[in-house]
Amino acid sequence: MAMSVFSHSGRHHVAVLARQVLLPIELGIVHQLFGQAKEGASADGERLYEVATCTLRAGDVRTDGDFTVCVPHGPEALDEADTVIVLSSYEDYVQDTPELPAPLAEALARIRPGTRMASICTGAFVLASAGLLDGHTATTHWRYTDLFSRLFPQVDLDPDVLYTDAGSVLTSAGCASGIDLCLHIIRRDHGTAVANDVARRTVVPPHREGGQVQYVRRPVPALSAPATSAAREWALQRLKEPITLGQLAAREAMSVRNFNRRFRDEVGMTPMNWLIQQRLERARELLEESNLPVDQVAAQTGLGTAANLRQHFHAALGISPSAYRTTFRGPDGPRPAYT
């Protein structure tokens, strides 16, 4: 019997498929984030994932820098994976056929049915070539969306979003959005507390919604200092209370008009839209981490009624609070008393 690539049978096995001319940052993202996820969101908790890097042939893999990465595992690591994450490669940028190269097709054939598949950046080309994205919404780096659409017309490509989640197959845009994707997977597997703990440890934002655009289409004005940060901090401490635009402007001793303009320059949205976003983020945490019924979640987050919370959830996420709670509650969390 061949020796197992993974040494901890009780952990979720993540195989990272690296190909020639990889971006080292993508490899580091996966190891860093999944490696920090611990049971109970505690520094002393057991690790929840084991990550192994593999390539089509064990040995040195070239990078886009002036060094190589020594990958000890070949495609046999894919045999035991619960999740496979495909990194980008220079090969994707010059791909001129929707067909998989034979060695890559043989490697992917080793993956067990039901294994979760994910890609970072142009790794989506591999998933699409394997037929895994047919009929699904997917994304990739915006610079290569024209090529992707030409090669894979059967895939519903969204060129703007940070990541997509079709259940058993997920894609992300540029390499930095791999952070968002990994945190999303951790959140989906183990809840907000664990994902937030990983984000804190790695000093990254705990959540950027998948539907957020990949890149800023217009320059954001440079400001000498944040002019609305005190108002935002004040509001975050009072989310369940009624908050008006006038109150926010008063915290910064500005007129409503001037405050609204400066806020949009700094944050990229109106103060009221930002406030709704923060309340929804708090609602998500409560739905995952508490047994509060939906109407109490609405009250605790300043969204008023359960009906109002459902309306905002549908608008932002396309699902109901109850469906969100069922989908994203960690497997070991308390069961909801109400739905």
# chains A, B, ... in the order shown; residues from 1 in each chain; ligands from 1
>>> residues_around(residues="Ala230 in chain A", least_positions_apart="5", cutoff="12 Å", atoms="only C-alpha atoms", output="short mmCIF file (atom, residue, chain, number, x, y, z; two decimals) with C-alpha atoms, in the first residue's frame")
data_model
loop_
_atom_site.label_atom_id
_atom_site.label_comp_id
_atom_site.auth_asym_id
_atom_site.auth_seq_id
_atom_site.Cartn_x
_atom_site.Cartn_y
_atom_site.Cartn_z
CA ALA A 225 -6.55 61.61 6.70
CA ALA A 235 -22.04 53.76 14.45
CA LEU A 236 -20.50 50.30 14.78
CA GLN A 237 -20.98 50.48 18.55
CA GLN A 247 -26.15 62.12 13.65
CA LEU A 248 -23.21 60.74 11.68
CA ALA A 249 -22.37 64.14 10.22
CA ALA A 250 -22.54 65.70 13.68
CA ARG A 251 -19.90 63.26 14.99
CA GLU A 252 -17.45 64.83 12.53
CA ALA A 253 -18.76 68.39 12.94
CA PHE A 259 -20.10 64.47 5.25
CA PHE A 263 -17.86 59.45 3.19
#
>>> closest_residue(among="A:Ala15, A:Val169, A:Met254, A:Leu183", to="Leu133 in chain A", atoms="only C-alpha atoms")
A:Val169
>>> select_by_dssp(residues="range 41-223 of chain A", states="strand (DSSP E or B)", output="PyMOL selection string")
chain A and resi 47+49-54+59-63+68-71+73+83-86+116-119+137-138+156-157+161+163-165+169-172+213
>>> residues_around(residues="Thr305 in chain A", least_positions_apart="6", cutoff="10 Å", atoms="only C-alpha atoms", output="number ranges by chain")
A: 294-299, 311
>>> select_by_dssp(residues="range 144-308 of chain A", states="alpha helix (DSSP H)", output="VMD selection string")
chain A and resid 145 to 151 177 to 190 192 to 202 229 to 236 245 to 251 256 to 267 271 to 289 294 to 300 306 to 308
>>> residues_around(residues="Leu303 in chain A", least_positions_apart="6", cutoff="10 Å", atoms="only C-alpha atoms", output="tab-separated table (two decimals) with N, CA and C atoms, in the first residue's frame")
chain	number	residue	atom	x	y	z
A	239	LEU	N	-25.20	49.69	16.40
A	239	LEU	CA	-25.91	49.20	15.24
A	239	LEU	C	-27.39	48.92	15.51
A	240	LYS	N	-27.73	48.52	16.73
A	240	LYS	CA	-29.13	48.18	17.00
A	240	LYS	C	-29.99	49.42	17.27
A	241	GLU	N	-29.35	50.59	17.34
A	241	GLU	CA	-30.10	51.82	17.59
A	241	GLU	C	-30.42	52.52	16.27
A	242	PRO	N	-31.47	53.34	16.23
A	242	PRO	CA	-31.72	54.15	15.03
A	242	PRO	C	-30.57	55.15	14.84
A	276	ILE	N	-26.28	49.75	6.31
A	276	ILE	CA	-27.02	48.52	6.05
A	276	ILE	C	-26.06	47.34	5.90
A	279	ARG	N	-24.90	46.25	9.30
A	279	ARG	CA	-25.97	45.57	10.03
A	279	ARG	C	-26.18	44.16	9.49
A	280	LEU	N	-26.07	44.01	8.18
A	280	LEU	CA	-26.19	42.67	7.60
A	280	LEU	C	-25.04	41.78	8.02
A	283	ALA	N	-25.79	40.67	11.41
A	283	ALA	CA	-26.88	39.69	11.36
A	283	ALA	C	-26.34	38.32	10.97
A	295	ASP	N	-36.54	37.35	14.21
A	295	ASP	CA	-37.04	38.68	14.58
A	295	ASP	C	-36.13	39.35	15.60
A	296	GLN	N	-35.53	38.56	16.50
A	296	GLN	CA	-34.61	39.14	17.47
A	296	GLN	C	-33.28	39.53	16.82
A	297	VAL	N	-32.85	38.76	15.81
A	297	VAL	CA	-31.65	39.14	15.06
A	297	VAL	C	-31.88	40.48	14.38
A	309	LEU	N	-35.48	42.33	7.61
A	309	LEU	CA	-34.23	41.58	7.53
A	309	LEU	C	-34.25	40.65	6.32
A	310	ARG	N	-35.39	39.96	6.11
A	310	ARG	CA	-35.48	39.06	4.96
A	310	ARG	C	-35.34	39.83	3.65
A	312	HIS	N	-33.69	42.65	3.07
A	312	HIS	CA	-32.29	43.04	2.86
A	312	HIS	C	-31.42	41.83	2.54
>>> atom_distance(atom1="CA of Thr326 in chain A", atom2="CA of Cys121 in chain A")
29.2 Å
>>> decode(residues="range 35-48 of chain A", atoms="all heavy atoms", output="CSV table (one decimal), in the first residue's frame")
chain,number,residue,atom,x,y,z
A,35,GLY,N,-4.1,26.8,7.3
A,35,GLY,CA,-3.2,26.3,8.4
A,35,GLY,C,-3.5,27.0,9.7
A,35,GLY,O,-3.2,26.5,10.8
A,36,GLN,N,-4.2,28.2,9.7
A,36,GLN,CA,-4.5,29.0,10.9
A,36,GLN,C,-5.9,28.6,11.4
A,36,GLN,O,-6.2,29.0,12.6
A,36,GLN,CB,-4.5,30.5,10.6
A,36,GLN,CG,-3.1,31.0,10.2
A,36,GLN,CD,-2.2,31.1,11.4
A,36,GLN,OE1,-2.7,31.2,12.6
A,36,GLN,NE2,-0.9,31.1,11.2
A,37,ALA,N,-6.7,27.8,10.7
A,37,ALA,CA,-8.0,27.5,11.2
A,37,ALA,C,-7.9,26.4,12.3
A,37,ALA,O,-7.5,25.3,12.0
A,37,ALA,CB,-8.9,27.0,10.0
A,38,LYS,N,-8.4,26.8,13.4
A,38,LYS,CA,-8.3,25.9,14.6
A,38,LYS,C,-9.7,25.7,15.3
A,38,LYS,O,-10.5,26.6,15.3
A,38,LYS,CB,-7.3,26.4,15.6
A,38,LYS,CG,-5.9,26.4,15.0
A,38,LYS,CD,-4.9,26.8,16.1
A,38,LYS,CE,-3.5,26.7,15.5
A,38,LYS,NZ,-2.5,27.0,16.6
A,39,GLU,N,-9.9,24.6,15.8
A,39,GLU,CA,-11.1,24.2,16.5
A,39,GLU,C,-11.4,25.2,17.6
A,39,GLU,O,-10.6,25.6,18.4
A,39,GLU,CB,-11.0,22.8,17.1
A,39,GLU,CG,-12.3,22.1,17.4
A,39,GLU,CD,-12.1,20.7,17.8
A,39,GLU,OE1,-11.3,20.4,18.7
A,39,GLU,OE2,-12.8,19.8,17.1
A,40,GLY,N,-12.7,25.7,17.7
A,40,GLY,CA,-13.1,26.6,18.7
A,40,GLY,C,-12.5,28.0,18.5
A,40,GLY,O,-12.6,28.8,19.4
A,41,ALA,N,-11.9,28.3,17.3
A,41,ALA,CA,-11.3,29.6,17.1
A,41,ALA,C,-10.4,29.9,18.2
A,41,ALA,O,-10.2,31.1,18.6
A,41,ALA,CB,-12.4,30.7,17.0
A,42,SER,N,-9.6,28.9,18.6
A,42,SER,CA,-8.7,29.1,19.8
A,42,SER,C,-7.3,28.8,19.3
A,42,SER,O,-7.0,27.9,18.5
A,42,SER,CB,-9.1,28.2,20.9
A,42,SER,OG,-8.0,28.1,21.9
A,43,ALA,N,-6.3,29.6,19.9
A,43,ALA,CA,-4.9,29.3,19.5
A,43,ALA,C,-4.5,27.9,20.0
A,43,ALA,O,-3.5,27.3,19.4
A,43,ALA,CB,-4.0,30.4,20.2
A,44,ASP,N,-5.2,27.4,21.0
A,44,ASP,CA,-4.8,26.0,21.5
A,44,ASP,C,-5.6,24.9,20.9
A,44,ASP,O,-5.5,23.8,21.2
A,44,ASP,CB,-5.0,26.0,23.0
A,44,ASP,CG,-4.2,27.0,23.8
A,44,ASP,OD1,-3.0,27.2,23.3
A,44,ASP,OD2,-4.7,27.6,24.8
A,45,GLY,N,-6.6,25.3,20.0
A,45,GLY,CA,-7.4,24.3,19.4
A,45,GLY,C,-6.7,23.4,18.3
A,45,GLY,O,-5.6,23.8,17.8
A,46,GLU,N,-7.3,22.3,18.0
A,46,GLU,CA,-6.7,21.4,17.0
A,46,GLU,C,-6.9,22.0,15.6
A,46,GLU,O,-7.9,22.7,15.3
A,46,GLU,CB,-7.4,20.1,17.0
A,46,GLU,CG,-7.1,19.2,18.2
A,46,GLU,CD,-5.6,18.7,18.2
A,46,GLU,OE1,-5.1,18.4,17.1
A,46,GLU,OE2,-5.0,18.7,19.2
A,47,ARG,N,-5.9,21.8,14.8
A,47,ARG,CA,-6.0,22.3,13.4
A,47,ARG,C,-7.1,21.6,12.7
A,47,ARG,O,-7.3,20.4,12.9
A,47,ARG,CB,-4.7,22.1,12.7
A,47,ARG,CG,-3.5,23.0,13.2
A,47,ARG,CD,-2.3,22.8,12.3
A,47,ARG,NE,-1.2,23.6,12.8
A,47,ARG,CZ,-0.9,24.8,12.6
A,47,ARG,NH1,-1.8,25.5,11.8
A,47,ARG,NH2,0.1,25.4,13.1
A,48,LEU,N,-7.9,22.3,11.9
A,48,LEU,CA,-9.0,21.8,11.2
A,48,LEU,C,-8.7,21.3,9.8
A,48,LEU,O,-9.5,20.4,9.3
A,48,LEU,CB,-10.2,22.8,11.2
A,48,LEU,CG,-10.7,23.3,12.5
A,48,LEU,CD1,-11.6,24.5,12.3
A,48,LEU,CD2,-11.5,22.2,13.1
